[in-house]
Structures are given as structure tokens and as C-alpha cells.
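Novice: Submitted below is the structure of interest, expressed as C-alpha cells.
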Amino acid sequence: MRNLFLVRVTVVAMTACLALAVALVNAQAPAYRAPRAADGKPNLNGIWQAINSASYDIEAHSAAPSPVLELGAAGAIPAGLGIVEGGTLPYRPEALAKRNEDRANRLKLDPEVKCYLPGVPRATYMPFPFQILQSQKHIMLIHEYAGAVRTIYMADQTEAPADSWMGWSNGRWEGETLVVDTKGFNDLSWFDRSGNFHSDALHVVERFTARSADTLNYEATIEDPKVFTRPFKISMPLYRRVEPNAQILEFRCVEFVEDLLYGHLRKQPSQ
């Protein structure tokens, strides 16, 4: 019995030492430092894409049938863990009621259905890649969906001259992190296909940080006092498209929705 006790004590001690050694190694490991651009700032150039189901619903959600019966499993909604820190969006009661109504009528109301610009941060986690093109005065985010383009002003920063779908973005560097402050939104875009929405008081602060050669950490703090009781944060990794011929292709969806939007205006043949 005494020998068995000694063996158990030895195993426990060895396990504790191993855990301590791993912790020390992790604590001493330096944080990843991205390659430098010409101006010495982190080089985030590349084609990136989110791999999650936030485009369907930024909150955690179960798998669900397609809202279009004829699509069957091809249009079904995949389950997702959500990207909202804390799990639930802090809606005001009247805003939550509107969200639920919008969700019930999403095939008619979702701006994506009509190929409208996706807004921010929705453009980041749609199932399409986007490209970061970086210079000292401007950083461009070029999205495959609808050819959406964002200009981040790193110099000559001003307030938004008018409200718009994608807002007006001013940027700065905080060490290894690109911080993008965006205001000047209209109230027309959604956060996802589930009716989660915002008002024209939306304020988004995004943070892009390289975590490895082929991944970025993306965080966005979202504030909208007309819709939410407090600010909330979303976060996710973004992955570099590493295939040799990776590029942003065309997805000019306007022509895909012409009949949906304007088909009722088509002149009907006379009888």
C-alpha cells in the first residue's frame, strides 16, 4: 500500500511539473509579429475570409430548415456557436420586437436578397473573401460581394460627409493592431440574415491583429444606443486564402435580382 501511495504521489508531482513547464514556455513565447510594410507598420496585405456561420445569425443558433421550401437541404441553415461575446445581443425591448418581425419577413426585407451593400461589420463575415490593400495614407478593403469597397483613411481624417451603407472609416495603428473607427451609417443594412439590425446611430470600432502568418484576429465593438442597451463585441479569426491563384472574383449580383426588383415593371405582351 505504501509503494502504491508513493507511485500516486510521484505521478501527481510529475503531472504538476509538466503543467508548470508548459505554462512557463507559453508565458515566455513572444507574441506573433507580422512582417513589416514599407512604412514599418504590420503588413496585413492579402485575401482573407471568415469561416463560420455568422452570415446566417451572429448569435448562437441551431440548424434550421431553409426559408425557401423548394431549396430543401440545399438552403438549410447550418448551426453556429455565434460570434457575440456574452452570447445574446442586448436589444431594447421595442428593438427586439422589430428584430423578430424582420426575421419573420426576411425574404422580403433582408438587404442581401436585393444585392444592397452589406454594411459593417456584415461585409467581413459574409461567405465571400475580401482583400486588404495597404498604404500609408489609405487602406482599402475590397469585397467580392457586390464589389463593395471600403476606404480607411489613415491620414487627412474627417467626419462622414453623409450617411451611407458602408459608413466612413478612419484608422490608426496601436502597436500590432489596425484600429478602424467607422461612423456615418444609414439604417438600412443588417448584421446577418436573421433580422439583427441597427439604426443610423451605429458606431463600429474594429481591430485587425495578425495572430500568425495566415490568420488575423478580428474584433469589433458595436454601439448603437437607439437599438441596444449597451455596447457589445463580436470576434472571430480570419483566414488567408493561400491557394496560388487566390484572387477577388466578380460577384455583381445586381443583374441577379433585376427580375425580383423590377420584373413587375416589364411590359406585358398585348393579347
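Going through the C-alpha cells in order, the chains are called A, B, and so on, while each chain numbers its residues from 1 and the ligands are numbered from 1 in the order shown.
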I'd like the neighbourhood of Leu133 in chain A as a PyMOL selection string, where a residue qualifies if any of its atoms comes within 6 Å (using only C-alpha atoms), though same-chain residues fewer than 5 positions away should be ignored.
Specialist: chain A and resi 45+139-140
Novice: Create the file for the chosen residues now, containing N, CA and C atoms and written as a tab-separated table (two decimals), in the first residue's frame.
Specialist:
chain	number	residue	atom	x	y	z
A	45	ASN	N	-1.56	42.96	-45.86
A	45	ASN	CA	-1.99	42.74	-47.23
A	45	ASN	C	-2.31	41.27	-47.47
A	139	ILE	N	-6.02	52.54	-46.48
A	139	ILE	CA	-6.10	51.09	-46.55
A	139	ILE	C	-7.44	50.76	-47.20
A	140	MET	N	-7.40	49.94	-48.24
A	140	MET	CA	-8.61	49.57	-48.97
A	140	MET	C	-9.03	48.15	-48.59
Novice: Counting only C-alpha atoms, which residues in range 9-121 of chain A sit no more than 8 Å from range 240-247 of chain A? For each one, give the nearest pair of atoms and the distance in Å, sorted by chain then residue number, as a tab-separated table.
Specialist:
residue	atom	partner	partner_atom	distance
A:Gly46	CA	A:Arg240	CA	6.8
A:Ile47	CA	A:Arg241	CA	5.6
A:Trp48	CA	A:Arg240	CA	4.4
A:Gln49	CA	A:Arg240	CA	6.5
Novice: Hey, can you check how far CA of Trp165 in chain A sits from CA of Ile51 in chain A?
Specialist: 23.6 Å
Novice: In Å, with one decimal, what is the gap from CA of Val254 in chain A to CA of Lys108 in chain A?
Specialist: 16.1 Å
Novice: Could you pull the residues within 8 Å of Thr88 in chain A, counting only C-alpha atoms, minus those fewer than 3 positions along the same chain, as a PyMOL selection string?
Specialist: chain A and resi 59+84-85
Novice: Output N, CA and C atoms for every residue in the selection just made, as a tab-separated table (two decimals), in the first residue's frame.
Specialist:
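So result_32.tsv came out as:
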chain	number	residue	atom	x	y	z
A	59	GLU	N	-25.76	35.53	-33.50
A	59	GLU	CA	-25.96	34.87	-32.22
A	59	GLU	C	-25.87	33.36	-32.41
A	84	VAL	N	-21.02	36.69	-30.92
A	84	VAL	CA	-21.30	37.75	-29.95
A	84	VAL	C	-20.73	37.35	-28.60
A	85	GLU	N	-19.82	38.14	-28.07
A	85	GLU	CA	-19.27	37.83	-26.75
A	85	GLU	C	-20.36	38.05	-25.71
Novice: Write out as an MDAnalysis selection string the residues lying within 12 Å of Ala37 in chain A, counting only C-alpha atoms and excluding same-chain residues fewer than 3 positions away.
Specialist: chainID A and resid 34 40:45 133:136 176
Novice: Compare A:Ile83, A:Val180, A:Ala50, A:Met166 by their minimum atom-to-atom distance to Ile152 in chain A, counting only C-alpha atoms, and give me the closest one.
Specialist: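 Of A:Ile83, A:Val180, A:Ala50, A:Met166, the one nearest Ile152 in chain A is A:Val180, counting only C-alpha atoms.
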Novice: Among range 129-185 of chain A, which residues does DSSP mark as strand (DSSP E or B) when it is run on the backbone? Keep the chain and numbering as in the structure and answer as a ChimeraX atom specification.
Specialist: /A:130-134,138-143,145,149-153,164,168-174,177-183,185
Novice: As a PyMOL selection string, please: the residues near range 220-229 of chain A (cut-off 12 Å, only C-alpha atoms, same-chain neighbours under 6 positions excluded).
Specialist: chain A and resi 83-85+88-99+120-122+124-125+178-185+187+191+196-209+235-237
Novice: Give me, please, the distance in Å between CA of Trp190 in chain A and CA of Arg211 in chain A, quoted to one decimal.
Specialist: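 These atoms are spaced 28.4 Å apart.
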